[in-house]
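Chemist: My structure is stored as my_file_10.txt, with compact mmCIF, C-alpha atoms.
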```txt
# COMPACT_ATOMS: atom_id res chain seq x y z
CA SER A 181 -97.48 -134.18 -30.12
CA LEU A 182 -98.60 -131.41 -32.49
CA ARG A 183 -96.01 -128.87 -33.57
CA GLY A 184 -96.06 -125.86 -35.85
CA THR A 185 -93.65 -124.84 -38.56
CA GLY A 186 -90.64 -125.59 -36.44
CA ALA A 187 -91.05 -129.34 -36.86
CA ALA A 188 -93.34 -131.26 -39.15
CA GLY A 189 -93.62 -128.16 -41.01
CA ALA A 190 -96.42 -127.04 -43.17
CA LEU A 191 -98.65 -125.30 -40.62
CA PRO A 192 -97.66 -121.98 -39.05
CA ASP A 193 -97.54 -121.97 -35.25
CA ALA A 194 -100.60 -119.72 -35.01
CA ASP A 195 -102.67 -122.02 -37.21
CA ALA A 196 -101.55 -125.11 -35.30
CA ALA A 197 -102.50 -123.41 -32.02
CA ALA A 198 -105.96 -122.55 -33.37
CA LEU A 199 -106.56 -126.07 -34.66
CA SER A 200 -105.71 -127.52 -31.25
CA SER A 201 -108.22 -125.29 -29.44
CA GLN A 202 -110.70 -123.39 -31.65
CA PRO A 203 -110.35 -124.28 -35.35
CA LEU A 204 -112.22 -121.20 -36.61
CA ALA A 205 -110.81 -118.72 -34.09
CA ALA A 206 -109.74 -116.20 -36.75
CA LEU A 207 -113.28 -115.93 -38.14
CA CYS A 208 -114.72 -115.72 -34.62
CA LYS A 209 -112.58 -112.66 -33.90
CA GLU A 210 -113.78 -111.00 -37.10
CA PHE A 211 -117.48 -111.81 -37.09
CA LEU A 212 -118.53 -112.73 -33.54
CA THR A 213 -118.80 -110.96 -30.23
CA ASP A 214 -119.64 -112.28 -26.76
CA VAL A 215 -122.71 -111.08 -24.87
CA ALA A 216 -123.80 -111.77 -21.32
CA PRO A 217 -127.00 -113.76 -20.67
CA THR A 218 -130.15 -111.63 -20.57
CA SER A 219 -131.36 -113.32 -17.38
CA THR A 220 -129.64 -114.86 -14.35
CA LEU A 221 -130.35 -118.04 -12.42
CA ASP A 222 -130.88 -118.17 -8.68
CA GLU A 223 -128.14 -120.11 -6.89
CA ALA A 224 -130.54 -121.23 -4.16
CA MET A 225 -132.73 -124.32 -4.37
CA PRO A 226 -136.30 -123.53 -5.48
CA PHE A 227 -137.71 -125.73 -2.72
CA ASP A 228 -136.88 -126.76 0.86
CA LEU A 229 -137.33 -130.33 2.06
CA SER A 230 -135.27 -130.05 5.23
CA THR A 231 -138.38 -130.27 7.42
CA HIS A 232 -139.61 -133.48 5.82
CA PRO A 233 -139.27 -136.50 8.17
CA LEU A 234 -137.50 -138.62 5.56
CA SER A 235 -134.87 -135.92 4.96
CA LYS A 236 -133.38 -136.41 8.45
CA HIS A 237 -131.50 -139.56 7.44
CA ARG A 238 -127.73 -139.22 6.98
CA VAL A 239 -127.91 -140.35 3.35
CA ALA A 240 -130.70 -137.87 2.58
CA ILE A 241 -128.77 -135.03 4.24
CA SER A 242 -125.70 -135.85 2.13
CA LEU A 243 -127.82 -136.07 -1.02
CA PHE A 244 -129.50 -132.69 -0.47
CA SER A 245 -126.19 -131.07 0.40
CA ARG A 246 -124.66 -132.24 -2.85
CA LEU A 247 -127.75 -131.17 -4.79
CA GLU A 248 -127.52 -127.66 -3.34
CA ARG A 249 -123.84 -127.41 -4.30
CA GLU A 250 -124.54 -128.63 -7.85
CA VAL A 251 -127.43 -126.19 -8.34
CA ALA A 252 -125.30 -123.27 -7.08
CA LEU A 253 -122.36 -124.27 -9.31
CA CYS A 254 -124.58 -124.60 -12.37
CA ALA A 255 -126.15 -121.19 -11.70
CA ARG A 256 -122.76 -119.50 -11.25
CA LYS A 257 -121.42 -120.97 -14.49
CA ARG A 258 -124.58 -119.99 -16.36
CA ASN A 259 -124.56 -116.44 -15.00
CA ALA A 260 -120.87 -115.95 -15.82
CA SER A 261 -121.09 -117.46 -19.30
CA GLN A 262 -120.76 -115.43 -22.49
CA ARG A 263 -122.84 -116.24 -25.55
CA PRO A 264 -121.23 -115.72 -28.99
CA VAL A 265 -123.39 -113.79 -31.49
CA LEU A 266 -122.85 -112.24 -34.90
CA THR A 267 -121.83 -108.60 -34.47
CA LEU A 268 -124.70 -107.41 -36.69
CA MET A 269 -127.28 -109.93 -35.51
CA ARG A 270 -127.66 -109.25 -31.82
CA ASP A 271 -131.12 -109.40 -30.30
CA GLU A 272 -131.69 -105.69 -30.90
CA HIS A 273 -130.61 -106.04 -34.54
CA ILE A 274 -132.99 -108.95 -35.08
CA ARG A 275 -135.84 -106.96 -33.56
CA ALA A 276 -135.01 -104.06 -35.88
CA ILE A 277 -135.06 -106.39 -38.91
CA VAL A 278 -138.41 -107.79 -37.83
CA ALA A 279 -139.73 -104.24 -37.42
CA GLY A 280 -138.85 -103.52 -41.06
CA ASP A 281 -135.48 -101.75 -40.82
CA LYS A 282 -134.15 -102.13 -44.38
CA ALA A 283 -130.69 -100.77 -43.54
CA GLN A 284 -130.21 -103.28 -40.72
CA LEU A 285 -131.44 -106.08 -42.96
CA ALA A 286 -128.94 -105.12 -45.68
CA ALA A 287 -126.10 -104.91 -43.15
CA ALA A 288 -126.89 -108.35 -41.73
CA ARG A 289 -127.17 -109.83 -45.22
CA GLU A 290 -123.83 -108.31 -46.19
CA GLN A 291 -122.11 -109.67 -43.08
CA VAL A 292 -123.39 -113.22 -43.62
CA ALA A 293 -122.40 -113.03 -47.30
CA SER A 294 -118.90 -111.86 -46.30
CA LEU A 295 -118.64 -114.71 -43.79
CA THR A 296 -119.70 -117.16 -46.50
CA LEU A 297 -116.96 -115.86 -48.78
CA LYS A 298 -114.30 -116.17 -46.05
CA LEU A 299 -115.44 -119.72 -45.25
CA THR A 300 -115.28 -120.67 -48.93
CA GLU A 301 -111.74 -119.29 -49.22
CA LEU A 302 -110.66 -121.15 -46.08
CA LYS A 303 -112.15 -124.37 -47.41
CA ALA A 304 -110.20 -124.00 -50.67
CA ARG A 305 -106.93 -123.39 -48.81
CA ASP A 306 -107.48 -126.31 -46.46
CA THR A 307 -108.42 -128.63 -49.32
CA ALA A 308 -105.22 -127.74 -51.15
CA PHE A 309 -103.21 -128.24 -47.95
CA VAL A 310 -104.67 -131.71 -47.32
CA ALA A 311 -104.02 -132.83 -50.91
CA SER A 312 -100.44 -131.54 -50.75
CA ALA A 313 -99.86 -133.07 -47.31
CA ILE A 314 -101.05 -136.51 -48.41
CA ARG A 315 -98.73 -136.47 -51.43
CA GLY A 316 -95.84 -135.29 -49.26
CA MET A 317 -96.47 -137.93 -46.59
CA GLU A 318 -96.59 -140.78 -49.09
CA ASP A 319 -93.46 -139.55 -50.90
CA SER A 320 -91.55 -139.20 -47.63
CA ALA A 321 -92.69 -142.57 -46.32
CA ASN A 322 -91.59 -144.37 -49.49
CA ASN A 323 -88.36 -142.43 -49.98
CA MET A 324 -85.27 -144.67 -50.22
CA SER A 325 -82.58 -142.01 -50.50
CA LEU A 326 -79.35 -142.79 -48.62
CA GLY A 327 -77.68 -139.43 -49.21
CA ASP A 328 -74.28 -138.75 -50.67
CA LYS A 329 -72.33 -140.82 -48.13
CA ALA A 330 -73.86 -144.21 -48.96
CA THR A 331 -71.39 -147.05 -49.36
CA GLU A 332 -71.42 -149.40 -52.33
CA SER A 333 -73.13 -152.15 -50.32
CA GLU A 334 -75.81 -149.73 -49.10
CA ALA A 335 -76.42 -148.51 -52.63
CA ARG A 336 -76.66 -152.11 -53.84
CA ALA A 337 -79.18 -152.94 -51.08
CA ARG A 338 -81.22 -149.88 -52.00
CA LEU A 339 -81.25 -150.85 -55.67
CA ARG A 340 -82.27 -154.41 -54.80
CA PHE A 341 -85.16 -153.17 -52.62
CA TRP A 342 -86.25 -150.75 -55.34
CA LEU A 343 -86.32 -153.57 -57.94
CA LEU A 344 -88.33 -155.79 -55.59
CA ARG A 345 -90.82 -152.96 -55.06
CA TYR A 346 -90.99 -152.30 -58.80
CA ALA A 347 -91.72 -156.01 -59.38
CA GLY A 348 -94.52 -155.94 -56.82
CA MET A 349 -92.70 -158.15 -54.31
CA GLU A 350 -92.33 -155.31 -51.79
CA THR A 351 -95.19 -152.93 -50.99
CA GLU A 352 -95.21 -149.20 -50.60
CA ILE A 353 -96.55 -147.49 -47.50
CA TRP A 354 -100.08 -146.38 -48.30
CA PHE A 355 -102.26 -143.60 -46.90
CA GLU A 356 -104.43 -145.70 -44.56
CA HIS A 357 -101.33 -147.31 -43.08
CA LEU A 358 -99.91 -143.87 -42.31
CA CYS A 359 -103.13 -142.83 -40.57
CA CYS A 360 -103.29 -146.03 -38.52
CA GLY A 361 -99.70 -145.41 -37.48
CA LEU A 362 -100.94 -142.81 -34.99
CA LEU A 363 -102.55 -145.63 -33.00
CA SER A 364 -99.43 -147.77 -32.81
CA PRO A 365 -97.00 -147.38 -29.86
CA LYS A 366 -94.16 -148.46 -32.19
CA CYS A 367 -95.27 -146.73 -35.36
CA GLU A 368 -91.74 -145.74 -36.44
CA SER A 369 -90.59 -149.35 -36.50
CA ASP A 370 -93.86 -150.35 -38.20
CA PHE A 371 -93.07 -147.97 -41.05
CA GLN A 372 -89.50 -149.24 -41.23
CA LEU A 373 -90.76 -152.79 -41.74
CA LEU A 374 -92.14 -151.65 -45.10
CA ASN A 375 -89.31 -149.23 -45.86
CA PRO A 376 -86.03 -150.18 -44.14
CA PHE A 377 -84.39 -147.05 -45.58
CA LEU A 378 -86.72 -144.74 -43.62
CA SER A 379 -84.96 -143.10 -40.66
CA THR A 380 -86.58 -142.80 -37.25
CA GLU A 381 -86.46 -139.00 -37.48
CA ALA A 382 -88.20 -139.05 -40.86
CA ALA A 383 -90.88 -141.40 -39.51
CA ALA A 384 -91.53 -139.07 -36.57
CA GLY A 385 -91.83 -136.14 -38.98
CA ILE A 386 -94.35 -138.07 -41.06
CA LEU A 387 -96.48 -138.68 -37.97
CA GLY A 388 -96.46 -134.94 -37.30
CA SER A 389 -97.63 -134.32 -40.86
CA VAL A 390 -100.40 -136.92 -40.44
CA SER A 391 -101.63 -135.11 -37.32
CA GLN A 392 -101.65 -131.76 -39.11
CA MET A 393 -103.43 -133.22 -42.13
CA MET A 394 -106.16 -134.77 -39.96
CA LEU A 395 -106.76 -131.54 -38.08
CA VAL A 396 -107.08 -129.53 -41.27
CA ALA A 397 -109.34 -132.19 -42.83
CA SER A 398 -111.58 -132.01 -39.75
CA ARG A 399 -111.72 -128.23 -40.13
CA ILE A 400 -112.95 -128.67 -43.71
CA VAL A 401 -115.91 -130.63 -42.35
CA ALA A 402 -116.58 -127.89 -39.80
CA VAL A 403 -116.41 -125.24 -42.53
CA CYS A 404 -118.91 -127.17 -44.65
CA ARG A 405 -121.35 -127.24 -41.74
CA CYS A 406 -120.89 -123.51 -41.24
CA LEU A 407 -121.51 -122.89 -44.95
CA ASP A 408 -124.77 -124.86 -44.81
CA SER A 409 -125.85 -122.75 -41.84
CA CYS A 410 -124.86 -119.54 -43.66
CA PHE A 411 -126.93 -120.51 -46.69
CA ASP A 412 -129.96 -121.20 -44.47
CA LEU A 413 -129.61 -117.83 -42.76
CA LEU A 414 -129.10 -116.02 -46.09
CA GLN A 415 -132.26 -117.57 -47.52
CA LEU A 416 -134.22 -116.19 -44.60
CA LEU A 417 -132.58 -112.75 -44.88
CA ASP A 418 -133.22 -112.65 -48.64
CA ASN A 419 -136.92 -113.39 -48.15
CA PRO A 420 -137.99 -112.20 -44.69
CA ASP A 421 -141.65 -111.97 -45.71
CA GLY A 422 -141.73 -115.67 -46.58
CA THR A 423 -142.09 -116.73 -42.94
CA GLY A 424 -145.66 -115.44 -42.80
CA SER A 425 -145.44 -113.59 -39.48
CA LYS A 426 -143.10 -111.39 -37.49
CA VAL A 427 -143.01 -113.90 -34.65
CA ALA A 428 -141.87 -116.67 -36.99
CA LEU A 429 -139.28 -114.37 -38.59
CA GLU A 430 -137.78 -113.37 -35.24
CA ALA A 431 -137.69 -116.97 -34.05
CA GLY A 432 -136.13 -118.13 -37.32
CA LEU A 433 -133.43 -115.46 -37.34
CA SER A 434 -132.58 -116.07 -33.69
CA GLU A 435 -132.38 -119.84 -34.07
CA LYS A 436 -130.41 -119.89 -37.34
CA SER A 437 -127.91 -117.28 -36.17
CA LYS A 438 -127.50 -119.15 -32.88
CA VAL A 439 -126.72 -122.41 -34.72
CA LEU A 440 -124.20 -120.63 -36.95
CA CYS A 441 -122.45 -118.98 -34.00
CA GLY A 442 -122.29 -122.30 -32.18
CA LEU A 443 -120.63 -123.97 -35.16
CA LEU A 444 -118.14 -121.13 -35.62
CA SER A 445 -117.12 -121.00 -31.95
CA SER A 446 -116.78 -124.77 -31.41
CA LYS A 447 -113.70 -125.75 -29.39
CA ARG A 448 -111.51 -128.81 -28.89
CA THR A 449 -110.55 -129.97 -25.41
CA PHE A 450 -108.24 -132.96 -25.80
CA PHE A 451 -105.07 -130.96 -26.55
CA THR A 452 -102.74 -129.95 -23.71
CA PRO A 453 -100.39 -127.05 -24.62
CA VAL A 454 -96.71 -127.59 -23.85
CA SER A 455 -95.40 -124.32 -25.30
CA ASP A 456 -97.29 -121.42 -26.87
CA VAL A 457 -96.76 -119.47 -30.08
CA SER A 458 -94.55 -116.87 -28.39
CA SER A 459 -92.12 -119.53 -27.16
CA THR A 460 -88.68 -119.71 -28.80
CA ALA A 461 -89.24 -123.44 -29.30
CA GLY A 462 -92.47 -122.77 -31.18
CA PHE A 463 -95.94 -124.09 -30.49
CA GLU A 464 -96.35 -127.64 -29.20
CA ALA A 465 -99.30 -129.52 -27.70
CA LYS A 466 -99.80 -133.08 -26.47
CA PHE A 467 -102.92 -135.07 -27.37
CA ASP A 468 -104.45 -138.53 -27.38
CA PRO A 469 -104.33 -139.73 -31.03
CA ARG A 470 -107.42 -141.89 -30.52
CA PHE A 471 -109.56 -138.76 -30.23
CA LEU A 472 -108.03 -137.27 -33.37
CA ILE A 473 -108.59 -140.49 -35.33
CA PHE A 474 -112.23 -140.51 -34.17
CA GLU A 475 -112.75 -136.94 -35.40
CA PHE A 476 -111.05 -137.68 -38.71
CA VAL A 477 -113.11 -140.82 -39.39
CA THR A 478 -116.50 -139.56 -38.22
CA GLY A 479 -116.31 -135.85 -39.05
CA PHE A 480 -117.46 -134.90 -35.55
CA LEU A 481 -115.72 -132.32 -33.38
CA LEU A 482 -115.25 -133.45 -29.76
CA ARG A 483 -116.55 -130.43 -27.88
CA PRO A 484 -116.42 -129.70 -24.12
```
Represent the structure from my file as structure tokens, please.

Modeler:
Amino acid sequence: SLRGTGAAGALPDADAAALSSQPLAALCKEFLTDVAPTSTLDEAMPFDLSTHPLSKHRVAISLFSRLEREVALCARKRNASQRPVLTLMRDEHIRAIVAGDKAQLAAAREQVASLTLKLTELKARDTAFVASAIRGMEDSANNMSLGDKATESEARARLRFWLLRYAGMETEIWFEHLCCGLLSPKCESDFQLLNPFLSTEAAAGILGSVSQMMLVASRIVAVCRCLDSCFDLLQLLDNPDGTGSKVALEAGLSEKSKVLCGLLSSKRTFFTPVSDVSSTAGFEAKFDPRFLIFEFVTGFLLRP
């Protein structure tokens, strides 16, 4: 499970909650707004085959009935959906930019530049977090401290193990092994095979840190994609006359802003909340580690 500061400990509860659902939720609240679709879909079928002789069969009747339900469900979802857009790049703003509104163009350019700055700052923080988390995980996994209450025989066993490790006859737990531990149903005992002085509680805490590190590392990839999209949009805003025509400019601004908004508002779906941020126990969510490993290795975000 994923926990916030109350357990494995580096991520605040609010940040852990965002990473489990919408990694860039804070930036979405600041720069995006939801708008309703400009057109609606008809829930009825666009054709009627009920009078056709072949549609009288029981299988055909069942097939058409299901098709009608699916078309109506799709139309209701589409009509009720909200599309995220940049607050200063709605359709009316884009039309104003295309029409030559310099003030609107400057405002849109300033907003995208501000978003780029915020993304860059977030990337720097996340990069520092991942580097610190990896060092902390490796140090904790290879720690052989017995505390102040160790007996003489326990201290002697610890010293013997330390000398064997120093001589290269015992290995340390390495980063890839920690990551693969998420896939093992007995990961705590797997870690203890390489470090018999590692407690079960410490091993569980390390797994929590691994989960947090992977989520933040995946957000770095998402931020990099958003930055690429911001740079593309800024290039177009800096040189709107370079497209050659107003039609091409409007299409380019609409498409590039749509791609950027889609990247910013991407959501995860494989986390199941157990307790929220307001809970006294702190935030906690259950998840399938195979999905998280896939995201970490490939750099893809598993969307709905």

Chemist: Considering all atoms listed in the file, can you say which of A:Met225, A:Ile400, A:Leu362, A:Ala311 comes closest to A:Asp468?

Modeler: A:Leu362

Chemist: Can you tell me which residues surround stretch 295-310 of chain A at a distance of at most 7 Å, considering only C-alpha atoms, apart from same-chain residues fewer than 3 positions away, and format the answer as number ranges by chain?

Modeler: A: 291-292, 313-314, 393, 396-397, 400, 403, 407, 410

Chemist: For atom CA of A:Asn259 and atom CA of A:Ile274, determine how far apart the two atoms are, in Å to one decimal place.

Modeler: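 We find that atom CA of A:Asn259 and atom CA of A:Ile274 lie 23.0 Å from each other.
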
Chemist: Go through A:Ala288, A:Ala335, A:Val215, A:Leu374 and flag the residue nearest A:Val265, using only C-alpha atoms for the distances.

Modeler: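 The closest residue to A:Val265 is A:Val215.
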
Chemist: Give me, as a PyMOL selection string, all polymer residues having an atom no more than 10 Å from A:Ala224, counting all atoms listed in the file and skipping those fewer than 6 positions away in the same chain.

Modeler: chain A and resi 248-249+251-252+255

Chemist: Considering all atoms listed in the file, can you say which of A:Asp418, A:Glu350, A:Asp228, A:Asp193 comes closest to A:Ser459?

Modeler: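 Distance minimum relative to A:Ser459 lands on A:Asp193.
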
Chemist: Pick out the residues sitting within 8 Å of stretch 282-284 of chain A, and hand them over as a list of chain:residue names; count all atoms listed in the file, and ignore anything fewer than 3 positions along from it in its own chain.

Modeler: A:Leu268, A:His273, A:Ala276, A:Ile277, A:Ala287, A:Ala288

Chemist: Write the residues of the selection above to a file with C-alpha atoms, as a PDB file, in the frame of the given file.

Modeler:
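What landed in out-v4.pdb:
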```
ATOM      1  CA  LEU A 268    -124.700-107.410 -36.690  1.00  0.00           C
ATOM      2  CA  HIS A 273    -130.610-106.040 -34.540  1.00  0.00           C
ATOM      3  CA  ALA A 276    -135.010-104.060 -35.880  1.00  0.00           C
ATOM      4  CA  ILE A 277    -135.060-106.390 -38.910  1.00  0.00           C
ATOM      5  CA  ALA A 287    -126.100-104.910 -43.150  1.00  0.00           C
ATOM      6  CA  ALA A 288    -126.890-108.350 -41.730  1.00  0.00           C
TER       7      ALA A 288
END
```

Chemist: Check the smallest atom-to-atom distance from each of A:Arg345, A:Arg270, A:Ser333, A:Lys447 to A:Leu433 using only C-alpha atoms, then report the winner.

Modeler: A:Arg270

Chemist: Can you work out the spacing between atom CA of A:Lys438 and atom CA of A:Leu417 in Å, to one decimal?

Modeler: 14.5 Å

Chemist: I need every residue sitting at most 10 Å from the point (-96.9, -117.3, -36.7) (coordinates as in the file, all atoms listed in the file considered), written as a short mmCIF file (atom, residue, chain, number, x, y, z; two decimals) with C-alpha atoms, in the frame of the given file.

Modeler:
```cif
data_model
loop_
_atom_site.label_atom_id
_atom_site.label_comp_id
_atom_site.auth_asym_id
_atom_site.auth_seq_id
_atom_site.Cartn_x
_atom_site.Cartn_y
_atom_site.Cartn_z
CA GLY A 184 -96.06 -125.86 -35.85
CA THR A 185 -93.65 -124.84 -38.56
CA LEU A 191 -98.65 -125.30 -40.62
CA PRO A 192 -97.66 -121.98 -39.05
CA ASP A 193 -97.54 -121.97 -35.25
CA ALA A 194 -100.60 -119.72 -35.01
CA ASP A 195 -102.67 -122.02 -37.21
CA ALA A 196 -101.55 -125.11 -35.30
CA ALA A 197 -102.50 -123.41 -32.02
CA VAL A 457 -96.76 -119.47 -30.08
CA SER A 458 -94.55 -116.87 -28.39
CA GLY A 462 -92.47 -122.77 -31.18
CA PHE A 463 -95.94 -124.09 -30.49
#
```

Chemist: At what distance in Å, to one decimal, does atom CA of A:Ala293 lie from atom CA of A:Gly424?

Modeler: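 Atom-to-atom, atom CA of A:Gly424 to atom CA of A:Ala293, that is 23.8 Å.
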
Chemist: Counting only C-alpha atoms, figure out which residue out of A:Gly385, A:Pro376, A:Gly280, A:Pro453 gets nearest to A:Ala337.

Modeler: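 Under the stated criterion, the closest residue is A:Pro376.
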
Chemist: As a CSV table (one decimal), in the frame of the given file, please: stretch 240-249 of chain A completed to all heavy atoms.

Modeler:
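Generated file (result.csv):
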```
chain,number,residue,atom,x,y,z
A,240,ALA,N,-129.9,-138.9,3.2
A,240,ALA,CA,-130.7,-137.9,2.6
A,240,ALA,C,-130.0,-136.5,2.8
A,240,ALA,O,-130.0,-135.7,1.9
A,240,ALA,CB,-132.1,-137.9,3.2
A,241,ILE,N,-129.5,-136.3,4.0
A,241,ILE,CA,-128.8,-135.0,4.2
A,241,ILE,C,-127.6,-134.8,3.3
A,241,ILE,O,-127.4,-133.8,2.7
A,241,ILE,CB,-128.3,-135.0,5.7
A,241,ILE,CG1,-129.5,-135.0,6.6
A,241,ILE,CG2,-127.4,-133.8,5.9
A,241,ILE,CD1,-129.1,-135.1,8.1
A,242,SER,N,-126.8,-135.9,3.1
A,242,SER,CA,-125.7,-135.8,2.1
A,242,SER,C,-126.2,-135.6,0.7
A,242,SER,O,-125.6,-134.8,0.0
A,242,SER,CB,-124.9,-137.2,2.2
A,242,SER,OG,-123.9,-137.2,1.3
A,243,LEU,N,-127.3,-136.2,0.3
A,243,LEU,CA,-127.8,-136.1,-1.0
A,243,LEU,C,-128.3,-134.6,-1.3
A,243,LEU,O,-127.9,-134.0,-2.3
A,243,LEU,CB,-129.0,-137.0,-1.2
A,243,LEU,CG,-129.7,-137.0,-2.6
A,243,LEU,CD1,-128.8,-137.3,-3.7
A,243,LEU,CD2,-130.9,-137.9,-2.6
A,244,PHE,N,-129.0,-134.1,-0.3
A,244,PHE,CA,-129.5,-132.7,-0.5
A,244,PHE,C,-128.4,-131.7,-0.4
A,244,PHE,O,-128.4,-130.7,-1.1
A,244,PHE,CB,-130.5,-132.4,0.6
A,244,PHE,CG,-131.9,-133.0,0.4
A,244,PHE,CD1,-132.5,-133.8,1.3
A,244,PHE,CD2,-132.6,-132.6,-0.8
A,244,PHE,CE1,-133.7,-134.4,1.0
A,244,PHE,CE2,-133.8,-133.2,-1.0
A,244,PHE,CZ,-134.4,-134.1,-0.1
A,245,SER,N,-127.3,-132.0,0.3
A,245,SER,CA,-126.2,-131.1,0.4
A,245,SER,C,-125.5,-131.0,-0.9
A,245,SER,O,-125.1,-130.0,-1.4
A,245,SER,CB,-125.2,-131.5,1.5
A,245,SER,OG,-124.1,-130.8,1.5
A,246,ARG,N,-125.3,-132.2,-1.5
A,246,ARG,CA,-124.7,-132.2,-2.8
A,246,ARG,C,-125.5,-131.6,-3.9
A,246,ARG,O,-125.0,-130.8,-4.8
A,246,ARG,CB,-124.4,-133.7,-3.3
A,246,ARG,CG,-123.8,-133.8,-4.6
A,246,ARG,CD,-123.5,-135.2,-5.0
A,246,ARG,NE,-122.9,-135.3,-6.4
A,246,ARG,CZ,-122.6,-136.4,-7.0
A,246,ARG,NH1,-122.7,-137.5,-6.4
A,246,ARG,NH2,-122.1,-136.3,-8.2
A,247,LEU,N,-126.8,-131.8,-3.8
A,247,LEU,CA,-127.8,-131.2,-4.8
A,247,LEU,C,-127.7,-129.7,-4.7
A,247,LEU,O,-127.7,-129.0,-5.7
A,247,LEU,CB,-129.2,-131.7,-4.5
A,247,LEU,CG,-130.2,-131.2,-5.5
A,247,LEU,CD1,-129.9,-131.7,-7.0
A,247,LEU,CD2,-131.6,-131.8,-5.1
A,248,GLU,N,-127.6,-129.1,-3.5
A,248,GLU,CA,-127.5,-127.7,-3.3
A,248,GLU,C,-126.2,-127.1,-4.0
A,248,GLU,O,-126.2,-126.1,-4.6
A,248,GLU,CB,-127.6,-127.3,-1.9
A,248,GLU,CG,-129.0,-127.5,-1.2
A,248,GLU,CD,-129.0,-127.3,0.3
A,248,GLU,OE1,-127.8,-127.1,0.8
A,248,GLU,OE2,-130.0,-127.3,0.9
A,249,ARG,N,-125.1,-127.9,-3.7
A,249,ARG,CA,-123.8,-127.4,-4.3
A,249,ARG,C,-123.9,-127.5,-5.8
A,249,ARG,O,-123.4,-126.5,-6.5
A,249,ARG,CB,-122.7,-128.3,-3.8
A,249,ARG,CG,-122.4,-128.2,-2.3
A,249,ARG,CD,-121.1,-128.7,-2.0
A,249,ARG,NE,-121.0,-130.1,-2.3
A,249,ARG,CZ,-121.3,-131.2,-1.6
A,249,ARG,NH1,-121.8,-130.9,-0.3
A,249,ARG,NH2,-121.1,-132.4,-2.0
```
